[in-house]
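File shown here: my_file.cif, holding mmCIF, C-alpha atoms.
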```cif
data_input
#
loop_
_atom_site.group_PDB
_atom_site.id
_atom_site.type_symbol
_atom_site.label_atom_id
_atom_site.label_comp_id
_atom_site.auth_asym_id
_atom_site.auth_seq_id
_atom_site.Cartn_x
_atom_site.Cartn_y
_atom_site.Cartn_z
ATOM 1 C CA MET A 1 18.137 8.993 -9.058
ATOM 2 C CA SER A 2 20.529 10.166 -6.352
ATOM 3 C CA LEU A 3 18.946 10.540 -2.922
ATOM 4 C CA GLU A 4 18.888 13.731 -0.875
ATOM 5 C CA GLN A 5 18.377 13.178 2.852
ATOM 6 C CA LEU A 6 15.934 15.697 4.290
ATOM 7 C CA SER A 7 15.697 14.594 7.922
ATOM 8 C CA SER A 8 16.502 11.777 10.343
ATOM 9 C CA ASN A 9 14.954 10.988 13.715
ATOM 10 C CA LYS A 10 15.966 8.333 16.216
ATOM 11 C CA VAL A 11 13.042 6.094 17.175
ATOM 12 C CA PHE A 12 13.035 2.669 18.909
ATOM 13 C CA ASP A 13 16.856 2.612 18.564
ATOM 14 C CA GLY A 14 16.500 2.878 14.790
ATOM 15 C CA GLN A 15 16.213 5.852 12.429
ATOM 16 C CA LEU A 16 13.284 7.216 10.469
ATOM 17 C CA ILE A 17 14.868 8.943 7.495
ATOM 18 C CA LYS A 18 13.125 11.164 4.935
ATOM 19 C CA TYR A 19 14.562 11.244 1.413
ATOM 20 C CA LYS A 20 13.882 13.146 -1.801
ATOM 21 C CA PHE A 21 14.821 12.361 -5.393
ATOM 22 C CA LYS A 22 13.831 13.143 -8.984
ATOM 23 C CA SER A 23 11.368 10.468 -10.035
ATOM 24 C CA ALA A 24 11.426 9.279 -13.634
ATOM 25 C CA ALA A 25 8.257 7.256 -13.052
ATOM 26 C CA LEU A 26 6.460 10.419 -11.937
ATOM 27 C CA GLY A 27 7.571 12.445 -14.919
ATOM 28 C CA GLY A 28 10.668 14.036 -13.416
ATOM 29 C CA LEU A 29 8.919 15.460 -10.359
ATOM 30 C CA ASP A 30 10.455 15.432 -6.910
ATOM 31 C CA ALA A 31 9.292 12.446 -4.847
ATOM 32 C CA GLN A 32 9.675 12.004 -1.101
ATOM 33 C CA PHE A 33 9.549 8.908 1.056
ATOM 34 C CA ASN A 34 10.280 7.853 4.607
ATOM 35 C CA LEU A 35 12.352 4.794 5.433
ATOM 36 C CA PHE A 36 12.544 3.270 8.894
ATOM 37 C CA LEU A 37 15.794 1.397 9.501
ATOM 38 C CA PRO A 38 15.918 -0.723 12.675
ATOM 39 C CA ALA A 39 19.031 -0.919 14.833
ATOM 40 C CA ASN A 40 20.326 -4.101 13.203
ATOM 41 C CA ALA A 41 20.212 -2.404 9.791
ATOM 42 C CA LEU A 42 22.136 0.591 11.137
ATOM 43 C CA ALA A 43 24.740 -1.887 12.360
ATOM 44 C CA GLY A 44 25.187 -3.175 8.813
ATOM 45 C CA THR A 45 22.826 -6.156 8.545
ATOM 46 C CA LYS A 46 20.636 -6.270 5.445
ATOM 47 C CA VAL A 47 17.039 -6.465 6.647
ATOM 48 C CA PRO A 48 13.679 -7.327 5.026
ATOM 49 C CA LEU A 49 11.483 -4.547 3.643
ATOM 50 C CA LEU A 50 7.818 -3.946 4.435
ATOM 51 C CA THR A 51 6.218 -1.309 2.188
ATOM 52 C CA TYR A 52 3.278 0.676 3.563
ATOM 53 C CA LEU A 53 0.830 2.415 1.209
ATOM 54 C CA SER A 54 -1.182 5.280 2.687
ATOM 55 C CA GLY A 55 -4.782 6.257 1.976
ATOM 56 C CA LEU A 56 -6.523 9.227 0.392
ATOM 57 C CA THR A 57 -5.205 12.709 1.296
ATOM 58 C CA CYS A 58 -2.171 11.317 3.168
ATOM 59 C CA THR A 59 1.546 11.823 2.560
ATOM 60 C CA GLU A 60 4.607 9.753 3.411
ATOM 61 C CA ASP A 61 4.428 11.132 6.964
ATOM 62 C CA ASN A 62 1.018 10.192 8.386
ATOM 63 C CA ALA A 63 1.451 6.485 9.049
ATOM 64 C CA ALA A 64 5.126 6.812 9.941
ATOM 65 C CA GLN A 65 4.083 9.103 12.781
ATOM 66 C CA LYS A 66 0.731 7.615 13.824
ATOM 67 C CA GLY A 67 0.466 3.994 12.667
ATOM 68 C CA ASN A 68 2.204 2.270 15.604
ATOM 69 C CA PHE A 69 4.355 0.269 13.203
ATOM 70 C CA LEU A 70 7.886 1.328 14.109
ATOM 71 C CA GLY A 71 8.153 -0.274 17.555
ATOM 72 C CA PRO A 72 7.011 -3.697 16.346
ATOM 73 C CA ALA A 73 9.235 -3.391 13.252
ATOM 74 C CA ALA A 74 12.216 -2.544 15.463
ATOM 75 C CA LYS A 75 11.618 -5.676 17.543
ATOM 76 C CA GLU A 76 11.355 -7.813 14.427
ATOM 77 C CA GLY A 77 14.350 -6.198 12.701
ATOM 78 C CA ILE A 78 12.318 -5.120 9.667
ATOM 79 C CA ALA A 79 12.600 -1.918 7.621
ATOM 80 C CA ILE A 80 9.443 -0.054 6.585
ATOM 81 C CA LEU A 81 9.152 2.075 3.447
ATOM 82 C CA PHE A 82 6.517 4.848 3.395
ATOM 83 C CA PRO A 83 5.993 6.287 -0.123
ATOM 84 C CA ASP A 84 3.795 9.285 -0.892
ATOM 85 C CA THR A 85 0.270 8.753 -2.259
ATOM 86 C CA SER A 86 0.607 10.551 -5.611
ATOM 87 C CA PRO A 87 2.826 12.784 -7.717
ATOM 88 C CA ARG A 88 2.930 16.394 -6.531
ATOM 89 C CA GLY A 89 3.428 19.528 -8.586
ATOM 90 C CA ALA A 90 2.546 18.185 -12.026
ATOM 91 C CA GLY A 91 0.274 21.157 -12.681
ATOM 92 C CA ILE A 92 -2.349 19.084 -14.480
ATOM 93 C CA GLU A 93 -5.686 20.872 -14.800
ATOM 94 C CA GLY A 94 -8.067 19.543 -12.174
ATOM 95 C CA GLU A 95 -5.535 17.615 -10.091
ATOM 96 C CA THR A 96 -6.261 19.613 -6.937
ATOM 97 C CA ASP A 97 -10.007 20.070 -7.402
ATOM 98 C CA SER A 98 -11.074 17.063 -5.312
ATOM 99 C CA TRP A 99 -9.696 15.248 -2.259
ATOM 100 C CA ASP A 100 -10.451 11.813 -3.769
ATOM 101 C CA PHE A 101 -8.867 12.315 -7.206
ATOM 102 C CA GLY A 102 -5.546 13.769 -8.321
ATOM 103 C CA VAL A 103 -3.060 14.982 -5.718
ATOM 104 C CA GLY A 104 -3.151 12.712 -2.664
ATOM 105 C CA ALA A 105 -5.193 10.154 -4.583
ATOM 106 C CA GLY A 106 -2.942 8.301 -7.015
ATOM 107 C CA PHE A 107 -4.639 4.898 -6.476
ATOM 108 C CA TYR A 108 -1.349 3.025 -7.028
ATOM 109 C CA LEU A 109 -1.939 2.507 -10.732
ATOM 110 C CA ASN A 110 -0.242 3.500 -13.975
ATOM 111 C CA ALA A 111 -2.492 5.981 -15.760
ATOM 112 C CA THR A 112 -3.323 5.261 -19.407
ATOM 113 C CA ASN A 113 -5.411 8.391 -20.021
ATOM 114 C CA PRO A 114 -2.922 10.658 -21.864
ATOM 115 C CA LYS A 115 -3.781 13.610 -19.612
ATOM 116 C CA TRP A 116 -2.426 11.758 -16.573
ATOM 117 C CA ALA A 117 -0.041 9.197 -18.073
ATOM 118 C CA LYS A 118 3.196 11.221 -17.851
ATOM 119 C CA HIS A 119 3.068 11.688 -14.080
ATOM 120 C CA TYR A 120 0.528 9.352 -12.472
ATOM 121 C CA ASN A 121 2.478 6.094 -12.454
ATOM 122 C CA MET A 122 2.427 5.086 -8.813
ATOM 123 C CA LEU A 123 2.519 1.360 -9.606
ATOM 124 C CA THR A 124 5.902 1.692 -11.317
ATOM 125 C CA HIS A 125 7.078 4.146 -8.656
ATOM 126 C CA VAL A 126 6.305 1.756 -5.788
ATOM 127 C CA THR A 127 7.157 -1.631 -7.264
ATOM 128 C CA LEU A 128 10.175 -0.797 -9.439
ATOM 129 C CA GLU A 129 11.556 2.685 -8.953
ATOM 130 C CA LEU A 130 11.771 2.868 -5.155
ATOM 131 C CA PRO A 131 13.483 -0.541 -4.826
ATOM 132 C CA GLN A 132 15.941 0.532 -7.525
ATOM 133 C CA VAL A 133 16.644 3.792 -5.691
ATOM 134 C CA ILE A 134 17.182 1.928 -2.425
ATOM 135 C CA GLU A 135 19.531 -0.549 -4.068
ATOM 136 C CA ALA A 136 21.488 2.167 -5.892
ATOM 137 C CA ALA A 137 21.986 4.019 -2.606
ATOM 138 C CA SER A 138 23.430 0.862 -0.992
ATOM 139 C CA LEU A 139 20.939 1.059 1.849
ATOM 140 C CA PRO A 140 20.958 -2.036 4.125
ATOM 141 C CA ILE A 141 17.844 -3.638 2.627
ATOM 142 C CA ASP A 142 17.439 -7.224 1.414
ATOM 143 C CA LEU A 143 15.139 -6.784 -1.587
ATOM 144 C CA THR A 144 14.692 -10.542 -1.941
ATOM 145 C CA ARG A 145 12.490 -10.319 1.170
ATOM 146 C CA GLN A 146 9.641 -7.870 0.631
ATOM 147 C CA SER A 147 6.034 -7.648 1.821
ATOM 148 C CA ILE A 148 3.379 -4.961 1.475
ATOM 149 C CA PHE A 149 0.496 -3.465 3.449
ATOM 150 C CA GLY A 150 -1.691 -0.365 3.443
ATOM 151 C CA HIS A 151 -4.812 1.519 4.524
ATOM 152 C CA SER A 152 -7.972 2.379 2.565
ATOM 153 C CA MET A 153 -6.767 3.476 -0.904
ATOM 154 C CA GLY A 154 -3.401 2.083 0.171
ATOM 155 C CA GLY A 155 -5.078 -1.166 1.196
ATOM 156 C CA HIS A 156 -6.436 -1.327 -2.339
ATOM 157 C CA GLY A 157 -2.920 -0.712 -3.607
ATOM 158 C CA ALA A 158 -1.341 -3.337 -1.370
ATOM 159 C CA LEU A 159 -3.851 -6.017 -2.370
ATOM 160 C CA THR A 160 -3.685 -5.297 -6.089
ATOM 161 C CA LEU A 161 0.109 -4.984 -6.285
ATOM 162 C CA TYR A 162 0.477 -8.214 -4.310
ATOM 163 C CA LEU A 163 -2.093 -10.172 -6.323
ATOM 164 C CA SER A 164 -0.768 -8.844 -9.640
ATOM 165 C CA SER A 165 2.725 -9.911 -8.597
ATOM 166 C CA VAL A 166 1.482 -13.426 -7.847
ATOM 167 C CA LEU A 167 -0.507 -13.586 -11.085
ATOM 168 C CA GLY A 168 2.472 -12.394 -13.101
ATOM 169 C CA GLY A 169 4.769 -14.997 -11.575
ATOM 170 C CA VAL A 170 7.054 -12.289 -10.176
ATOM 171 C CA LYS A 171 6.088 -12.858 -6.535
ATOM 172 C CA GLN A 172 7.795 -9.657 -5.424
ATOM 173 C CA TYR A 173 5.994 -9.685 -2.081
ATOM 174 C CA ARG A 174 5.851 -12.590 0.358
ATOM 175 C CA SER A 175 2.696 -11.421 2.127
ATOM 176 C CA CYS A 176 0.056 -8.700 2.077
ATOM 177 C CA SER A 177 -2.199 -7.049 4.642
ATOM 178 C CA ALA A 178 -4.652 -4.176 4.627
ATOM 179 C CA PHE A 179 -6.575 -1.942 6.992
ATOM 180 C CA ALA A 180 -10.066 -1.043 5.718
ATOM 181 C CA PRO A 181 -9.084 -1.523 2.064
ATOM 182 C CA ILE A 182 -11.106 -0.402 -0.925
ATOM 183 C CA ALA A 183 -11.465 -4.075 -1.751
ATOM 184 C CA ASN A 184 -13.788 -3.988 -4.775
ATOM 185 C CA PRO A 185 -13.158 -0.522 -6.245
ATOM 186 C CA THR A 186 -14.904 -1.040 -9.584
ATOM 187 C CA ASN A 187 -18.133 -1.311 -7.579
ATOM 188 C CA CYS A 188 -17.669 1.731 -5.317
ATOM 189 C CA PRO A 189 -17.829 5.493 -5.975
ATOM 190 C CA TRP A 190 -14.204 6.233 -5.103
ATOM 191 C CA GLY A 191 -12.846 3.610 -7.468
ATOM 192 C CA GLN A 192 -15.230 4.393 -10.282
ATOM 193 C CA LYS A 193 -14.233 8.062 -10.165
ATOM 194 C CA ALA A 194 -10.527 7.269 -10.176
ATOM 195 C CA PHE A 195 -10.646 4.635 -12.895
ATOM 196 C CA SER A 196 -12.837 6.678 -15.221
ATOM 197 C CA GLY A 197 -10.323 9.515 -14.906
ATOM 198 C CA TYR A 198 -6.939 7.813 -14.935
ATOM 199 C CA LEU A 199 -7.608 4.869 -17.258
ATOM 200 C CA GLN A 200 -8.415 5.132 -20.944
ATOM 201 C CA GLY A 201 -10.237 1.806 -20.677
ATOM 202 C CA GLY A 202 -12.163 2.912 -17.588
ATOM 203 C CA ILE A 203 -13.864 0.300 -15.417
ATOM 204 C CA GLU A 204 -13.137 -2.603 -17.768
ATOM 205 C CA GLU A 205 -9.398 -1.871 -17.709
ATOM 206 C CA ALA A 206 -9.582 -1.593 -13.920
ATOM 207 C CA LYS A 207 -11.262 -4.994 -13.591
ATOM 208 C CA GLU A 208 -8.317 -6.537 -15.419
ATOM 209 C CA LYS A 209 -5.590 -4.788 -13.412
ATOM 210 C CA TYR A 210 -6.700 -2.913 -10.295
ATOM 211 C CA ASP A 211 -9.557 -4.639 -8.485
ATOM 212 C CA ALA A 212 -8.536 -7.096 -5.759
ATOM 213 C CA THR A 213 -11.891 -8.875 -5.827
ATOM 214 C CA GLU A 214 -11.548 -9.515 -9.561
ATOM 215 C CA LEU A 215 -7.848 -10.411 -9.374
ATOM 216 C CA ILE A 216 -8.178 -13.068 -6.686
ATOM 217 C CA LYS A 217 -10.724 -14.907 -8.823
ATOM 218 C CA LYS A 218 -7.956 -15.535 -11.370
ATOM 219 C CA LEU A 219 -5.404 -17.112 -9.031
ATOM 220 C CA GLY A 220 -6.529 -20.703 -8.884
ATOM 221 C CA LYS A 221 -4.374 -22.566 -6.389
ATOM 222 C CA GLU A 222 -1.419 -20.178 -6.180
ATOM 223 C CA PRO A 223 -0.508 -19.879 -2.479
ATOM 224 C CA VAL A 224 -1.203 -16.480 -0.887
ATOM 225 C CA HIS A 225 -0.766 -14.916 2.552
ATOM 226 C CA ILE A 226 -3.325 -12.131 3.134
ATOM 227 C CA LEU A 227 -4.699 -10.440 6.265
ATOM 228 C CA VAL A 228 -7.469 -7.799 6.174
ATOM 229 C CA ASP A 229 -8.979 -5.850 9.086
ATOM 230 C CA TYR A 230 -11.902 -3.434 8.916
ATOM 231 C CA GLY A 231 -14.047 -1.724 11.560
ATOM 232 C CA THR A 232 -17.796 -2.148 11.839
ATOM 233 C CA ALA A 233 -18.197 1.535 12.849
ATOM 234 C CA ASP A 234 -16.302 2.757 9.766
ATOM 235 C CA ASN A 235 -18.622 5.139 7.895
ATOM 236 C CA PHE A 236 -16.870 4.404 4.615
ATOM 237 C CA TYR A 237 -17.580 0.714 5.183
ATOM 238 C CA LYS A 238 -21.210 1.443 6.008
ATOM 239 C CA ASN A 239 -21.518 3.648 2.905
ATOM 240 C CA GLY A 240 -20.305 0.928 0.550
ATOM 241 C CA GLN A 241 -16.862 2.269 -0.317
ATOM 242 C CA LEU A 242 -14.844 -0.695 1.042
ATOM 243 C CA LEU A 243 -16.844 -3.873 0.275
ATOM 244 C CA PRO A 244 -14.609 -6.375 2.120
ATOM 245 C CA GLU A 245 -17.352 -9.021 1.999
ATOM 246 C CA ASN A 246 -17.086 -9.066 -1.801
ATOM 247 C CA PHE A 247 -13.370 -9.765 -1.571
ATOM 248 C CA LEU A 248 -13.881 -12.451 1.068
ATOM 249 C CA LYS A 249 -16.555 -14.211 -0.995
ATOM 250 C CA ALA A 250 -14.335 -14.156 -4.089
ATOM 251 C CA ALA A 251 -11.439 -15.604 -2.081
ATOM 252 C CA ARG A 252 -13.577 -18.395 -0.620
ATOM 253 C CA ASP A 253 -15.170 -19.172 -3.996
ATOM 254 C CA THR A 254 -11.665 -19.466 -5.450
ATOM 255 C CA GLY A 255 -10.757 -21.989 -2.756
ATOM 256 C CA TYR A 256 -8.762 -19.943 -0.251
ATOM 257 C CA ASP A 257 -9.352 -20.794 3.396
ATOM 258 C CA GLU A 258 -9.009 -18.785 6.618
ATOM 259 C CA VAL A 259 -5.288 -19.492 6.826
ATOM 260 C CA GLN A 260 -4.501 -18.132 3.358
ATOM 261 C CA VAL A 261 -6.957 -15.220 3.278
ATOM 262 C CA ARG A 262 -8.112 -13.913 6.659
ATOM 263 C CA VAL A 263 -10.657 -11.079 6.766
ATOM 264 C CA ARG A 264 -11.489 -9.816 10.257
ATOM 265 C CA SER A 265 -14.318 -7.446 11.209
ATOM 266 C CA GLN A 266 -13.344 -5.427 14.274
ATOM 267 C CA ASP A 267 -16.380 -4.392 16.295
ATOM 268 C CA GLY A 268 -16.812 -0.661 16.919
ATOM 269 C CA TYR A 269 -13.652 0.549 15.160
ATOM 270 C CA ASP A 270 -13.709 3.325 12.573
ATOM 271 C CA HIS A 271 -11.476 4.339 9.640
ATOM 272 C CA SER A 272 -8.959 6.347 11.648
ATOM 273 C CA TYR A 273 -5.405 5.913 12.891
ATOM 274 C CA TYR A 274 -6.886 4.900 16.263
ATOM 275 C CA PHE A 275 -8.088 1.745 14.497
ATOM 276 C CA MET A 276 -4.839 1.236 12.626
ATOM 277 C CA SER A 277 -2.611 1.808 15.645
ATOM 278 C CA THR A 278 -4.628 -0.761 17.618
ATOM 279 C CA PHE A 279 -3.882 -3.518 15.120
ATOM 280 C CA GLY A 280 -0.588 -2.222 13.708
ATOM 281 C CA ALA A 281 1.549 -4.640 15.712
ATOM 282 C CA ASP A 282 -0.625 -7.558 14.549
ATOM 283 C CA HIS A 283 0.110 -6.687 10.946
ATOM 284 C CA VAL A 284 3.856 -6.236 11.398
ATOM 285 C CA HIS A 285 4.118 -9.570 13.230
ATOM 286 C CA PHE A 286 2.011 -11.229 10.509
ATOM 287 C CA HIS A 287 4.508 -10.124 7.868
ATOM 288 C CA ALA A 288 7.497 -11.063 10.032
ATOM 289 C CA ASN A 289 6.387 -14.705 9.843
ATOM 290 C CA PHE A 290 7.110 -14.642 6.116
ATOM 291 C CA LEU A 291 9.873 -12.044 5.838
ATOM 292 C CA LYS A 292 12.099 -13.811 8.355
ATOM 293 C CA ALA A 293 11.437 -17.359 7.155
#
```

Conversion result in structure tokens:
Amino acid sequence: MSLEQLSSNKVFDGQLIKYKFKSAALGGLDAQFNLFLPANALAGTKVPLLTYLSGLTCTEDNAAQKGNFLGPAAKEGIAILFPDTSPRGAGIEGETDSWDFGVGAGFYLNATNPKWAKHYNMLTHVTLELPQVIEAASLPIDLTRQSIFGHSMGGHGALTLYLSSVLGGVKQYRSCSAFAPIANPTNCPWGQKAFSGYLQGGIEEAKEKYDATELIKKLGKEPVHILVDYGTADNFYKNGQLLPENFLKAARDTGYDEVQVRVRSQDGYDHSYYFMSTFGADHVHFHANFLKA
């Protein structure tokens, strides 16, 4: 799992570095990611890690370039990891037929359908493999202090990986936030398409493992730190793909208050990076409260 550096750019006195390596989790395919290291990390201090999961059709580059996260992270002294959204180059029949399934649409799960199971293991790639690669490369990251956030499909991923970590007692991430997440995917077209394709157990398997609204119902009184933003002018919200109200109701019914689970509707904002860049600093500062504690 040796890293090959592909590029490095100075930004906010830190460096945004792109790496490539052979991914065992993704069936031996090349995987790329971006890592932002703030100035204090470049000087040798081990810093906390905030992992960002991108949405449908994106790569490791989109949010690194357009999310407005790097300046706030530099001020807070936090590293940000930007993985890709799926395996690339597996050559599986049908993986490039649709923008919302296959390449660019890995849904941050481990596939159990044999057709996809060798390569489509983004859960393992994000939660286990990338931290192991970072540690093996002796990069200046303190892996005992991690949080996670994401957008749309990546918001789904951030919520489910965080909640699963809490449920499993691992507590890998200290906090979680999401922009316009697919918050109840077993009840929306995007999620139903993905789960029926990737998972042998389909929707029922997804309800157990990959639906934030279902997962938060199981938590009881375990403490959580979650922030969600969505825009009222988001067409995907209006078309029933996101369903943040379902997640909020499940959280409140489980006993979580506004401090533990905050869901904010932002008037007039859409699904784009204009929305994300507006609230990007809010999210980085939210995580800093827990990563630097």

Considering all atoms listed in the file, can you say which of A:Gly28, A:Gly197, A:Gly71, A:Pro131 comes closest to Asn110 of chain A?
A:Gly197

I want to know what sits within 6 Å of segment 118-121 of chain A, based on all atoms listed in the file, with residues of the same chain fewer than 4 positions away left out; could you give that as number ranges by chain?
A: 25-27, 109-111

Just the residues within 10 Å of Ser2 of chain A, please, counting all atoms listed in the file, with nothing from its chain fewer than 4 positions along; format it as a ChimeraX atom specification.
/A:19-23,133-134,136-137

Would you write out, as a list in words, every residue that the PyMOL selection byres ((chain A and resi 6) around 12) captures in this file?
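This file gives the following for the PyMOL selection byres ((chain A and resi 6) around 12): Leu3, Glu4, Gln5, Ser7, Ser8, Asn9, Leu16, Ile17, Lys18, Tyr19, Lys20, Phe21, Ala31, Gln32, Phe33, Asn34 and Leu35 of chain A.
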
Go ahead and write the selection's residues with C-alpha atoms as a compact mmCIF listing (two decimals), keeping the file's coordinate frame.
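Output contents, as saved in result.txt:
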```
# COMPACT_ATOMS: atom_id res chain seq x y z
CA LEU A 3 18.95 10.54 -2.92
CA GLU A 4 18.89 13.73 -0.88
CA GLN A 5 18.38 13.18 2.85
CA SER A 7 15.70 14.59 7.92
CA SER A 8 16.50 11.78 10.34
CA ASN A 9 14.95 10.99 13.72
CA LEU A 16 13.28 7.22 10.47
CA ILE A 17 14.87 8.94 7.50
CA LYS A 18 13.12 11.16 4.93
CA TYR A 19 14.56 11.24 1.41
CA LYS A 20 13.88 13.15 -1.80
CA PHE A 21 14.82 12.36 -5.39
CA ALA A 31 9.29 12.45 -4.85
CA GLN A 32 9.68 12.00 -1.10
CA PHE A 33 9.55 8.91 1.06
CA ASN A 34 10.28 7.85 4.61
CA LEU A 35 12.35 4.79 5.43
```

Could you produce a table of the residues of segment 92-166 of chain A lying within 12 Å of segment 75-81 of chain A, with the nearest pair of atoms per residue and their separation in Å rounded to one decimal, using all atoms listed in the file, ordered by chain and increasing residue number, as a tab-separated table?
```
residue	atom	partner	partner_atom	distance
A:Val126	CA	A:Leu81	CA	9.7
A:Thr127	CA	A:Leu81	CA	11.5
A:Leu130	CA	A:Leu81	CA	9.0
A:Pro131	CA	A:Leu81	CA	9.7
A:Val133	CA	A:Leu81	CA	11.9
A:Ile134	CA	A:Leu81	CA	9.9
A:Leu139	CA	A:Ala79	CA	10.6
A:Pro140	CA	A:Ala79	CA	9.1
A:Ile141	CA	A:Ala79	CA	7.4
A:Asp142	CA	A:Ala79	CA	9.5
A:Leu143	CA	A:Ala79	CA	10.7
A:Arg145	CA	A:Ile78	CA	10.0
A:Gln146	CA	A:Ala79	CA	9.6
A:Ser147	CA	A:Ile80	CA	9.6
A:Ile148	CA	A:Leu81	CA	9.3
A:Phe149	CA	A:Ile80	CA	10.1
A:Gly150	CA	A:Leu81	CA	11.1
```

I need the output of the PyMOL selection byres ((chain A and resi 277) around 10) for this file as a list in words; which residues are they?
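So the PyMOL selection byres ((chain A and resi 277) around 10) ends up selecting Ala63, Lys66, Gly67, Asn68, Phe69, Ser272, Tyr273, Tyr274, Phe275, Met276, Thr278, Phe279, Gly280, Ala281 and Asp282 of chain A.
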
If I wrap all listed atoms of segment 98-110 of chain A in a box with edges along x, y and z and add 8 Å on each side, what are its centre and edge lengths in Å to one decimal, as AutoDock Vina command-line options?
```
--center_x -5.7 --center_y 9.8 --center_z -8.1 --size_x 26.8 --size_y 30.6 --size_z 27.7
```

Mind checking which residues fall within 9 Å of Phe195 of chain A, counting all atoms listed in the file, ignoring those fewer than 4 positions away in the same chain, and posting them as number ranges by chain?
A: 107, 111, 185-186, 190-191, 199-203, 205-206, 210

Which residues are close to Lys10 of chain A, i.e. within 10 Å by all atoms listed in the file, leaving aside same-chain residues fewer than 4 positions away? Reply as a count of residues only.
8

Point (-16.3, 1.7, 3.3), cut-off 10 Å, counting all atoms listed in the file, residues as a PDB file with C-alpha atoms, in the frame of the given file:
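Everything below was put into out_30.pdb:
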```
ATOM      1  CA  SER A 152      -7.972   2.379   2.565  1.00  0.00           C
ATOM      2  CA  ALA A 180     -10.066  -1.043   5.718  1.00  0.00           C
ATOM      3  CA  PRO A 181      -9.084  -1.523   2.064  1.00  0.00           C
ATOM      4  CA  ILE A 182     -11.106  -0.402  -0.925  1.00  0.00           C
ATOM      5  CA  ALA A 183     -11.465  -4.075  -1.751  1.00  0.00           C
ATOM      6  CA  CYS A 188     -17.669   1.731  -5.317  1.00  0.00           C
ATOM      7  CA  TRP A 190     -14.204   6.233  -5.103  1.00  0.00           C
ATOM      8  CA  TYR A 230     -11.902  -3.434   8.916  1.00  0.00           C
ATOM      9  CA  GLY A 231     -14.047  -1.724  11.560  1.00  0.00           C
ATOM     10  CA  THR A 232     -17.796  -2.148  11.839  1.00  0.00           C
ATOM     11  CA  ALA A 233     -18.197   1.535  12.849  1.00  0.00           C
ATOM     12  CA  ASP A 234     -16.302   2.757   9.766  1.00  0.00           C
ATOM     13  CA  ASN A 235     -18.622   5.139   7.895  1.00  0.00           C
ATOM     14  CA  PHE A 236     -16.870   4.404   4.615  1.00  0.00           C
ATOM     15  CA  TYR A 237     -17.580   0.714   5.183  1.00  0.00           C
ATOM     16  CA  LYS A 238     -21.210   1.443   6.008  1.00  0.00           C
ATOM     17  CA  ASN A 239     -21.518   3.648   2.905  1.00  0.00           C
ATOM     18  CA  GLY A 240     -20.305   0.928   0.550  1.00  0.00           C
ATOM     19  CA  GLN A 241     -16.862   2.269  -0.317  1.00  0.00           C
ATOM     20  CA  LEU A 242     -14.844  -0.695   1.042  1.00  0.00           C
ATOM     21  CA  LEU A 243     -16.844  -3.873   0.275  1.00  0.00           C
ATOM     22  CA  PRO A 244     -14.609  -6.375   2.120  1.00  0.00           C
ATOM     23  CA  ASP A 270     -13.709   3.325  12.573  1.00  0.00           C
ATOM     24  CA  HIS A 271     -11.476   4.339   9.640  1.00  0.00           C
TER      25      HIS A 271
END
```

Quote the spacing between atom CA of Asp84 of chain A and atom CA of Gly104 of chain A in Å to one decimal place.
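Spanning atom CA of Asp84 of chain A to atom CA of Gly104 of chain A is a straight-line distance of 7.9 Å.
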
At a cut-off of 12 Å around the point (-9.0, 13.4, -2.5) (file coordinates), what residues fall inside when counting all atoms listed in the file? I'd like the answer as a VMD selection string.
chain A and resid 55 to 59 85 to 86 94 to 107 153 190 to 191 193 to 194

Can those selected residues be exported to a file as a PDB file, in the frame of the given file so that it contains C-alpha atoms?
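After the write, part.pdb holds the following:
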```
ATOM      1  CA  GLY A  55      -4.782   6.257   1.976  1.00  0.00           C
ATOM      2  CA  LEU A  56      -6.523   9.227   0.392  1.00  0.00           C
ATOM      3  CA  THR A  57      -5.205  12.709   1.296  1.00  0.00           C
ATOM      4  CA  CYS A  58      -2.171  11.317   3.168  1.00  0.00           C
ATOM      5  CA  THR A  59       1.546  11.823   2.560  1.00  0.00           C
ATOM      6  CA  THR A  85       0.270   8.753  -2.259  1.00  0.00           C
ATOM      7  CA  SER A  86       0.607  10.551  -5.611  1.00  0.00           C
ATOM      8  CA  GLY A  94      -8.067  19.543 -12.174  1.00  0.00           C
ATOM      9  CA  GLU A  95      -5.535  17.615 -10.091  1.00  0.00           C
ATOM     10  CA  THR A  96      -6.261  19.613  -6.937  1.00  0.00           C
ATOM     11  CA  ASP A  97     -10.007  20.070  -7.402  1.00  0.00           C
ATOM     12  CA  SER A  98     -11.074  17.063  -5.312  1.00  0.00           C
ATOM     13  CA  TRP A  99      -9.696  15.248  -2.259  1.00  0.00           C
ATOM     14  CA  ASP A 100     -10.451  11.813  -3.769  1.00  0.00           C
ATOM     15  CA  PHE A 101      -8.867  12.315  -7.206  1.00  0.00           C
ATOM     16  CA  GLY A 102      -5.546  13.769  -8.321  1.00  0.00           C
ATOM     17  CA  VAL A 103      -3.060  14.982  -5.718  1.00  0.00           C
ATOM     18  CA  GLY A 104      -3.151  12.712  -2.664  1.00  0.00           C
ATOM     19  CA  ALA A 105      -5.193  10.154  -4.583  1.00  0.00           C
ATOM     20  CA  GLY A 106      -2.942   8.301  -7.015  1.00  0.00           C
ATOM     21  CA  PHE A 107      -4.639   4.898  -6.476  1.00  0.00           C
ATOM     22  CA  MET A 153      -6.767   3.476  -0.904  1.00  0.00           C
ATOM     23  CA  TRP A 190     -14.204   6.233  -5.103  1.00  0.00           C
ATOM     24  CA  GLY A 191     -12.846   3.610  -7.468  1.00  0.00           C
ATOM     25  CA  LYS A 193     -14.233   8.062 -10.165  1.00  0.00           C
ATOM     26  CA  ALA A 194     -10.527   7.269 -10.176  1.00  0.00           C
TER      27      ALA A 194
END
```

Within 12 Å of Phe290 of chain A using all atoms listed in the file, minus same-chain residues under 5 positions, as a PyMOL selection string:
chain A and resi 48-50+76+78+144-148+173-176+224-226+283-285
